[in-house]
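Take a look at the structure set out below.
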Amino acid sequence: MAQPGQSVAAALASSLESVLRSRGSANRVFEILELLQVDEEDVILCAIRTCSRLFGALLERGDLFVGQLPEEETSLTDNYSAEDKYKIWMRHRYNSCVNCLVELMGHESFQVKELSLVTLMKFVELEGKYPLVKAEWKGSFSFPRELLKVSVVENLMPCEEDSSLLISRFQEYLEYDDIRYFVMKAVAENIGQLMQKTKEVPLPVYQQNVFSLISSISMPSQESEVVNFMVKQANQEEWKVSKLKVTLHLIIVFNVMFPPSQLPTGLYKKVLVILHDSILPHLNEPTLMIDFLTVAYDIGGAISLLALNGLFVLIHQHNLEYPDFYKKLYSLLDPSIYHVKYRARFFHLADLFLSSSHLPAYLVAAFIKRLSRLALTAPPQALLMVIPFICNLFRRHPACKVLVHKPGGSEDLSEDPYIMDEEEPSESRALESSLWELQTLQSHYHPDVAQAAAVVNQSLSELEDDVSELLELSAYELFDRELKKKATSVPLEFEQVRGLFGKKDDLFAEHFALE
């Protein structure tokens, strides 16, 4: 303990030096450990740093017992040498330190949490270099997986507290391929144990923590990229080959073990946003995600829009057959489609799905007609994107041009045969209708929209319009574009003043000038 007039830091430094210098002063380790349980944050931080230096040095010196650790009382009565008794005793102190650090990962202060995490990861690295468990056979892979799992990973995924900030601090360790693998394995085991114990879906906070941890993992695309290991192994190349494929399977755990229908909406969206490029490419069997994605696609709204990306990958790369896919895609067209956050993503994928020339004319006509009807209430930035989009559909499917050039069509718009509320595209009677909506948009208040809509009055070129730059066009960009326009002349709606009284044939105008 600190003497009168002596600072805590000085007292800890003195205890550290005594323990490392002489085994006769080993009991002074209690002076360090007891300060891990005080209330003062500064004292705790100082004690954690001291423990890091102390047990780091003991691990490097080989002063901790290696092998199955006997009970502390048993070691005193059995026939152990004085050397082994010291190492057993000090190993128990090391375990006490680890337990305290685990408790401190739940401390109210983030600085305490962070330093505890960093110290535990230092112990993981040192235990990898100086194992405390005897190798099962010569050349076997040695890694302190229990220390990583129980002390670190499980405490990054509490059920009652959001740990996203602490997980972001942990991300630097996920750059190591062995850490990444054992973290994924620990997450899988933890989820299984929790669900078996509770027999119900985990709390949303726990789900969010699991997602934050998994989504921060960047998976290697091939074995040649697996080169960065925290714990160097003699048979490292063999480990790479045998473990990489297992790791790719583990990333599916979160999506399979959590029923999609019971995920919080916000978390559901986050999963779907990263699914197509961060998860599916790394799976040995991406088709395992079919059920997850089809359930998401059937939910509707923004979740269905986000599920399109994953379904596109499965349909085009893995030959997924989805019954009534276009019927469901057609049902996603509602007034919100021009306003949602994921508008650009949806129209990019819709453009791909409608690109095939083998689609029936009635189906494409139904899409054109519904997009045009919804365009009547869309904002200008969306109209400047959807009008070229519709024109491209005409270029790909010339049979649909009958919507524009329909002689003898009804003049009364109330008699439009198109059935807007019909869910089945084949029953919507779109080909019997006309595209009066685009003609209406030719009188739009925004001149660019009116000009774009007038294109259908002319013969369309064979070359498709590039809509990729228009997908994310915003109202701000549209307004900024207008401000940068330079007008050469401004038309006026009144006659210029002529003469003193401004009359056309004024007598005064012949004798007086307004100069």
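Letters A, B, ... go to the chains of the structure tokens in the order shown; residues in each chain start at 1; ligands are counted from 1 in the same order.
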Can you pull out the residues contacting Ala452 of chain A? Cut-off 8 Å, using only C-alpha atoms, and skip same-chain residues under 4 positions away; I want them as a PyMOL selection string. chain A and resi 384+387-388+442+448
Residues just named, written with N, CA and C atoms as a PDB file, in the first residue's frame:
ATOM      1  N   LEU A 384     -36.407  13.233 -63.749  1.00  0.00           N
ATOM      2  CA  LEU A 384     -35.289  13.317 -64.696  1.00  0.00           C
ATOM      3  C   LEU A 384     -34.544  11.993 -64.798  1.00  0.00           C
ATOM      4  N   ILE A 387     -37.773   9.111 -66.547  1.00  0.00           N
ATOM      5  CA  ILE A 387     -38.176   9.275 -67.951  1.00  0.00           C
ATOM      6  C   ILE A 387     -37.164   8.629 -68.894  1.00  0.00           C
ATOM      7  N   PRO A 388     -35.843   8.883 -68.756  1.00  0.00           N
ATOM      8  CA  PRO A 388     -34.876   8.125 -69.573  1.00  0.00           C
ATOM      9  C   PRO A 388     -34.930   6.627 -69.305  1.00  0.00           C
ATOM     10  N   GLN A 442     -45.230  16.709 -70.118  1.00  0.00           N
ATOM     11  CA  GLN A 442     -44.668  17.687 -71.056  1.00  0.00           C
ATOM     12  C   GLN A 442     -45.093  19.107 -70.707  1.00  0.00           C
ATOM     13  N   ASP A 448     -36.791  21.321 -67.477  1.00  0.00           N
ATOM     14  CA  ASP A 448     -35.986  20.144 -67.824  1.00  0.00           C
ATOM     15  C   ASP A 448     -36.847  18.884 -67.888  1.00  0.00           C
TER      16      ASP A 448
END
Just the residues within 12 Å of Lys129 of chain A, please, counting only C-alpha atoms, with nothing from its chain fewer than 2 positions along; format it as a ChimeraX atom specification. /A:56,59-62,122-127,131-133,141-144,229-234
- Contacts of Leu460 of chain A at 9 Å or less, counting only C-alpha atoms, minus same-chain residues fewer than 2 places along, as a PyMOL selection string? chain A and resi 391+394-395+455-458+462-463
Could you please take those selected residues and save all heavy atoms as a compact mmCIF listing (two decimals), in the first residue's frame?
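Just written: result-v7.txt:
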# COMPACT_ATOMS: atom_id res chain seq x y z
N CYS A 391 -37.72 5.35 -71.39
CA CYS A 391 -37.31 5.37 -72.80
C CYS A 391 -36.40 4.19 -73.13
O CYS A 391 -36.48 3.61 -74.23
CB CYS A 391 -36.62 6.69 -73.13
SG CYS A 391 -37.74 8.10 -73.12
N PHE A 394 -38.45 1.18 -73.75
CA PHE A 394 -39.01 1.19 -75.11
C PHE A 394 -37.99 0.72 -76.13
O PHE A 394 -38.32 0.00 -77.08
CB PHE A 394 -39.48 2.61 -75.46
CG PHE A 394 -40.80 2.99 -74.87
CD1 PHE A 394 -40.97 4.17 -74.18
CD2 PHE A 394 -41.90 2.15 -75.01
CE1 PHE A 394 -42.18 4.53 -73.64
CE2 PHE A 394 -43.14 2.49 -74.46
CZ PHE A 394 -43.27 3.68 -73.77
N ARG A 395 -36.74 1.11 -75.95
CA ARG A 395 -35.70 0.70 -76.90
C ARG A 395 -35.47 -0.82 -76.85
O ARG A 395 -35.23 -1.44 -77.87
CB ARG A 395 -34.39 1.44 -76.59
CG ARG A 395 -34.45 2.95 -76.84
CD ARG A 395 -33.08 3.58 -76.59
NE ARG A 395 -33.07 5.00 -76.90
CZ ARG A 395 -33.22 5.98 -76.01
NH1 ARG A 395 -33.41 5.67 -74.72
NH2 ARG A 395 -33.21 7.24 -76.38
N VAL A 455 -39.38 13.90 -75.39
CA VAL A 455 -38.57 13.01 -76.22
C VAL A 455 -39.43 11.92 -76.86
O VAL A 455 -39.16 11.47 -77.99
CB VAL A 455 -37.44 12.38 -75.38
CG1 VAL A 455 -36.70 11.30 -76.17
CG2 VAL A 455 -36.46 13.44 -74.93
N VAL A 456 -40.48 11.48 -76.16
CA VAL A 456 -41.31 10.39 -76.69
C VAL A 456 -42.10 10.81 -77.92
O VAL A 456 -42.65 9.96 -78.62
CB VAL A 456 -42.27 9.86 -75.60
CG1 VAL A 456 -41.51 9.25 -74.45
CG2 VAL A 456 -43.20 10.97 -75.10
N ASN A 457 -42.19 12.11 -78.18
CA ASN A 457 -42.89 12.57 -79.37
C ASN A 457 -42.08 12.32 -80.63
O ASN A 457 -42.59 12.43 -81.75
CB ASN A 457 -43.20 14.07 -79.26
CG ASN A 457 -44.17 14.35 -78.11
OD1 ASN A 457 -44.95 13.47 -77.72
ND2 ASN A 457 -44.12 15.56 -77.58
N GLN A 458 -40.79 12.06 -80.46
CA GLN A 458 -39.90 11.86 -81.59
C GLN A 458 -39.48 10.39 -81.66
O GLN A 458 -39.74 9.61 -80.75
CB GLN A 458 -38.66 12.76 -81.44
CG GLN A 458 -38.98 14.23 -81.22
CD GLN A 458 -37.76 15.00 -80.76
OE1 GLN A 458 -36.68 14.46 -80.67
NE2 GLN A 458 -37.97 16.28 -80.48
N GLU A 462 -31.42 4.42 -81.26
CA GLU A 462 -31.17 3.04 -80.85
C GLU A 462 -30.26 2.96 -79.63
O GLU A 462 -30.32 1.99 -78.87
CB GLU A 462 -30.53 2.27 -82.01
CG GLU A 462 -31.45 2.08 -83.20
CD GLU A 462 -30.81 1.23 -84.28
OE1 GLU A 462 -29.68 0.75 -84.05
OE2 GLU A 462 -31.45 1.03 -85.33
N LEU A 463 -29.42 3.98 -79.44
CA LEU A 463 -28.50 3.99 -78.31
C LEU A 463 -29.23 4.36 -77.02
O LEU A 463 -29.93 5.37 -76.96
CB LEU A 463 -27.36 4.99 -78.57
CG LEU A 463 -26.20 4.98 -77.57
CD1 LEU A 463 -25.47 3.64 -77.62
CD2 LEU A 463 -25.24 6.13 -77.86
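Taking atom CA of Tyr94 of chain A as the reference point, atom CA of Phe110 of chain A is found at 23.4 Å.
With only C-alpha atoms as the atoms that count, the residue of A:Leu333, A:Leu478, A:Val38, A:Leu64 with the shortest distance to Tyr130 of chain A is A:Leu64.
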Which residues, written as a list in words, have at least one atom at most 12 Å from Pro70 of chain A, with only C-alpha atoms counted and residues fewer than 3 positions away on the same chain left out?
Phe65, Val66, Gly67, Glu73, Thr74, Ser75, Leu76, Thr77, Asp78, Tyr80, Asp84, Lys85, Lys87, Ile88, Trp89, Arg91 and His92 of chain A
